[in-house]
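Following: one structure in structure tokens, then a few remarks.
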Amino acid sequence: MGELRLMKGNEALAEAAIRAGMDGYFGYPITPQSEILEYLTREAYNRTQCTVLQAESEIASINMVYGAAGTGARVMTTSSSPGISLMQEGISYIAGAELPCLLVNINRGGPGLGTIQPSQGDYFQSVKGGGHGDYRLIVLAPATVQEMADFVLEGWEMAEKYRNPVLILADGALGQMMEKVELREQQPRGTRPVPDWATVGKTKDRERNVITSLFIKPEEMEQVNLRLQQKYKLIESEITRVEELQTDDADFVIVAYGLSARIGSKVMELLRDEGMKVGLIRPISLWPYPYATVSKAAEHVKGFLSLELNAGQMVEDVRLAVNGRCPVGHYGRMGGIIPSPEEVADVIKKMYSEL
Amino acid sequence: MQEIEHHYDEMDIVCERPAALLDTRMHYCPGCGHGVAHRILMEAVEELGLQEKTVGVAPVGCSVFAYHYMNVDMQEAAHGRATAVATGIKRTNPDKIVFTYQGDGDLAAIGTAETLHTVNRGENVLIVFINNAIYGMTGGQMAPTTLVTQKTSTTPYGREVPVMGNPLKITELLAQLPGAFFVTRQAVNTPANVRKAKKALLNGLKWQTLNKGTCFVEIVSNCPTNWGMKPVESNKWLEENMLPFYPLGDMKVPSKEELENG
Amino acid sequence: MAKIRGDISIDVEKCKGCELCVVACPQDAVALSSEINKQGYHYAVLIEDVCTGCTSCSLVCPDAVITVYREDRKSKKKTPVAEVRNVTGDIKIQVGAEEGN
């Protein structure tokens, strides 16, 4: 059993990054995730000599991540919605150059400067691209402080296995809430082998390594895209992650991730107490999306509700999976307002009565 | 044409293409100073024996394909972000020699913030800045360094200060920053200037190992195609128009003590 | 003082005929050929046997296509070298003083 601590989500994530043997962190302050930068500037260098740098902007941060990731270093940046928007160009370059790294979005409300309260308004941005071109991010959505910590090392391992950026999509509430968390042992730094593609100086025994996303010849660019798509198919087949709660006998299913899934499970309990057979599907990987799990449930349920802290984004993926076999509703609050379980239960009861 | 009898076997090679510059035809237009700058940079890397520990960063601009020619490990950066990329490389690999190679649009327009903050932090990297007062790759638009009254495709009547502002002397600006260790402006239009520019690059690379701050070498260069001149004319125009506004010379040189206490 | 002898060789297929070497040559020994290379450029050639190996042409060459040769004055006037067996290993001794150094 690892060390147990009571920690904020943001701090647990930062601590997990140090323990995962992070080589470099580049970030810029933005609410509600500045504790990560603060925690790391306080702890990381002193403990593991990990590079921690407060950049002049999110644009600089993501490009520092690009440079460091290109040398095979285990690197991370974290930000919140407007900052993540600024990083999109760099994220596209990172995906195009196939660099492994960890990105964290502690989602706040938008559009624009928006609010500093929790939101899930960045679902589209996270799973449907965000930046330009045909690329995918592996997107992990923690629902507990424990998962905020666990997904750090797991995320890096996925990133390194597939040479693909991994995004942890959490929100302001998960970042700020305190829960018990079990921390992994400290992993030593500098023990991972340097990847053969890394730009660390051209030795005589190999050709020079080039990190680039530029392929000016149309035929070459198409081949790069086809290879990327093949990789994305492989990732879909290997790491789609989802949690199901009481879906076996359910005739109605709530689909919710992250903070919404915490509310969703409470709603499920309330409605079960009233005798309704309600289940919960919690996508953990938002890309790859667990279409198969939702589709399977669609064979025996009468309806779905996509519960999100936004105006209706993931609901489109639920509908894709259900493919018209039964009604799919959406309920969401915005601006940092978190719906009460009772409020959601009422929505489901009304929807159910109309089925 | 009369054939000259050659005597190669009786003589020693005193100057040849450096091995660190790959044996490929470069895509640059005839007479473009990029080729000279590439060559002397790679000569410097080679002469200092740094090829195996050097990582270069290419920009967006005409020299976007620098990594097709420079035989060192390289990364291609997004437009303007080369020094941020270099910071990421150097901070996680402090034992490597890191350089960026950037044009005026990349370094002094879209990438101004990254440039300024990289030098201000005193990142131990070499920044090579090619200033030819125009956007070459996109077809000759105004650059931040375009001279007043200079015609470009977006200043068809010449750069007018009230509309387009002033040419930016970013090198003078950067020389003021405490993080800068060595700041100089050179050119590659004559044999003598090429020699001096190479010396500056040698110093810029060598002094990086002292970990005392950023080395910044501006190279005033030409753009025959987009200036609408023959190469020889363009170098003359550079001499008569660019150099009076962008005078050559060192702007910040490390003292003897600074170099000795390495 | 005897004139220094030099020579250049040009990788004509990579030459783009920019003429910068032509104006850089203090001996006026370089010109563009009337022939063209595969890229369609009139490439640079040495037209007079007056090269001193000063490297000016190759310094300004944007395509790094000029290799410069120079006669090594020292090696030409090098005096015979005698090899002497020594208990600590072979050593070379130069006989007579080296000129011009």
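By order of appearance in the structure tokens: chains A, B, ..., then residues from 1 within every chain, and ligands from 1 in the order shown.
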field: Residues within 8 Å of B:Arg159, only C-alpha atoms, excluding chain neighbours under 6 positions, as a ChimeraX atom specification
entry: /B:142,146-152
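The residue set within 7 Å of stretch 192-204 of chain B, counting only C-alpha atoms and dropping same-chain residues fewer than 2 places from it, reads Ile40, Leu41, Ala44, Leu126, Gln186, Ala187, Val188, Asn189, Thr190, Lys206, Trp207, Gln208, Cys215 and Val217 of chain B; Leu59 and Val60 of chain C.
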field: Neighbours of chain B in chain C at 10 Å, counting only C-alpha atoms, as a count of residues only
entry: 50
- prompt: Any idea what's packed within 7 Å of stretch 75-80 of chain B, counting only C-alpha atoms, ignoring anything in its chain fewer than 5 positions away? Could you give it as number ranges by chain?
  reply: A: 210-212; B: 56-60, 85, 106-107, 110-111
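In this comparison, which uses only C-alpha atoms, the residue of B:Gly179, B:Gly61, B:Gly136, B:Gly88 approaching B:Trp227 most closely is B:Gly136.
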Could you name the residues that touch B:His117 at 9 Å or less, counting only C-alpha atoms, but leaving out those on the same chain fewer than 5 positions away, as a PDB file with N, CA, C and O atoms, in the first residue's frame?
ATOM      1  N   ALA A  55       6.649  29.842 -17.657  1.00  0.00           N
ATOM      2  CA  ALA A  55       6.882  30.443 -18.969  1.00  0.00           C
ATOM      3  C   ALA A  55       6.208  31.806 -19.055  1.00  0.00           C
ATOM      4  O   ALA A  55       5.458  32.200 -18.166  1.00  0.00           O
ATOM      5  N   GLU A  56       6.486  32.527 -20.147  1.00  0.00           N
ATOM      6  CA  GLU A  56       5.894  33.857 -20.334  1.00  0.00           C
ATOM      7  C   GLU A  56       4.471  33.788 -20.863  1.00  0.00           C
ATOM      8  O   GLU A  56       3.770  34.805 -20.883  1.00  0.00           O
TER       9      GLU A  56
ATOM     10  N   THR B  83      12.596  29.795 -29.956  1.00  0.00           N
ATOM     11  CA  THR B  83      13.368  29.952 -28.719  1.00  0.00           C
ATOM     12  C   THR B  83      12.669  29.280 -27.536  1.00  0.00           C
ATOM     13  O   THR B  83      13.337  28.852 -26.595  1.00  0.00           O
ATOM     14  N   ALA B  84      11.332  29.164 -27.598  1.00  0.00           N
ATOM     15  CA  ALA B  84      10.626  28.411 -26.551  1.00  0.00           C
ATOM     16  C   ALA B  84      10.976  26.934 -26.687  1.00  0.00           C
ATOM     17  O   ALA B  84      11.247  26.250 -25.686  1.00  0.00           O
ATOM     18  N   THR B 112       8.203  37.647 -31.052  1.00  0.00           N
ATOM     19  CA  THR B 112       8.894  38.651 -30.227  1.00  0.00           C
ATOM     20  C   THR B 112       8.867  38.303 -28.744  1.00  0.00           C
ATOM     21  O   THR B 112       9.889  38.422 -28.057  1.00  0.00           O
ATOM     22  N   GLY B 122      18.055  34.547 -19.907  1.00  0.00           N
ATOM     23  CA  GLY B 122      19.455  34.164 -20.097  1.00  0.00           C
ATOM     24  C   GLY B 122      19.613  32.692 -20.395  1.00  0.00           C
ATOM     25  O   GLY B 122      20.556  32.054 -19.929  1.00  0.00           O
ATOM     26  N   GLU B 123      18.673  32.155 -21.184  1.00  0.00           N
ATOM     27  CA  GLU B 123      18.791  30.735 -21.559  1.00  0.00           C
ATOM     28  C   GLU B 123      20.133  30.522 -22.241  1.00  0.00           C
ATOM     29  O   GLU B 123      20.558  31.331 -23.080  1.00  0.00           O
TER      30      GLU B 123
END
- prompt: Taking only C-alpha atoms into account, which residues of chain B are within 7 Å of chain A, as number ranges by chain?
  reply: B: 51-55, 71-76, 81, 84-89, 91-92, 114, 117
- prompt: So which bits of stretch 142-205 of chain A end up helix (DSSP H, G or I) when you DSSP the backbone, as an MDAnalysis selection string?
  reply: chainID A and resid 145:162 172:176
message: as a PyMOL selection string, please: the residues near A:Glu299 (cut-off 12 Å, only C-alpha atoms, same-chain neighbours under 5 positions excluded).
response: chain A and resi 247-253+292-294+304+321-326
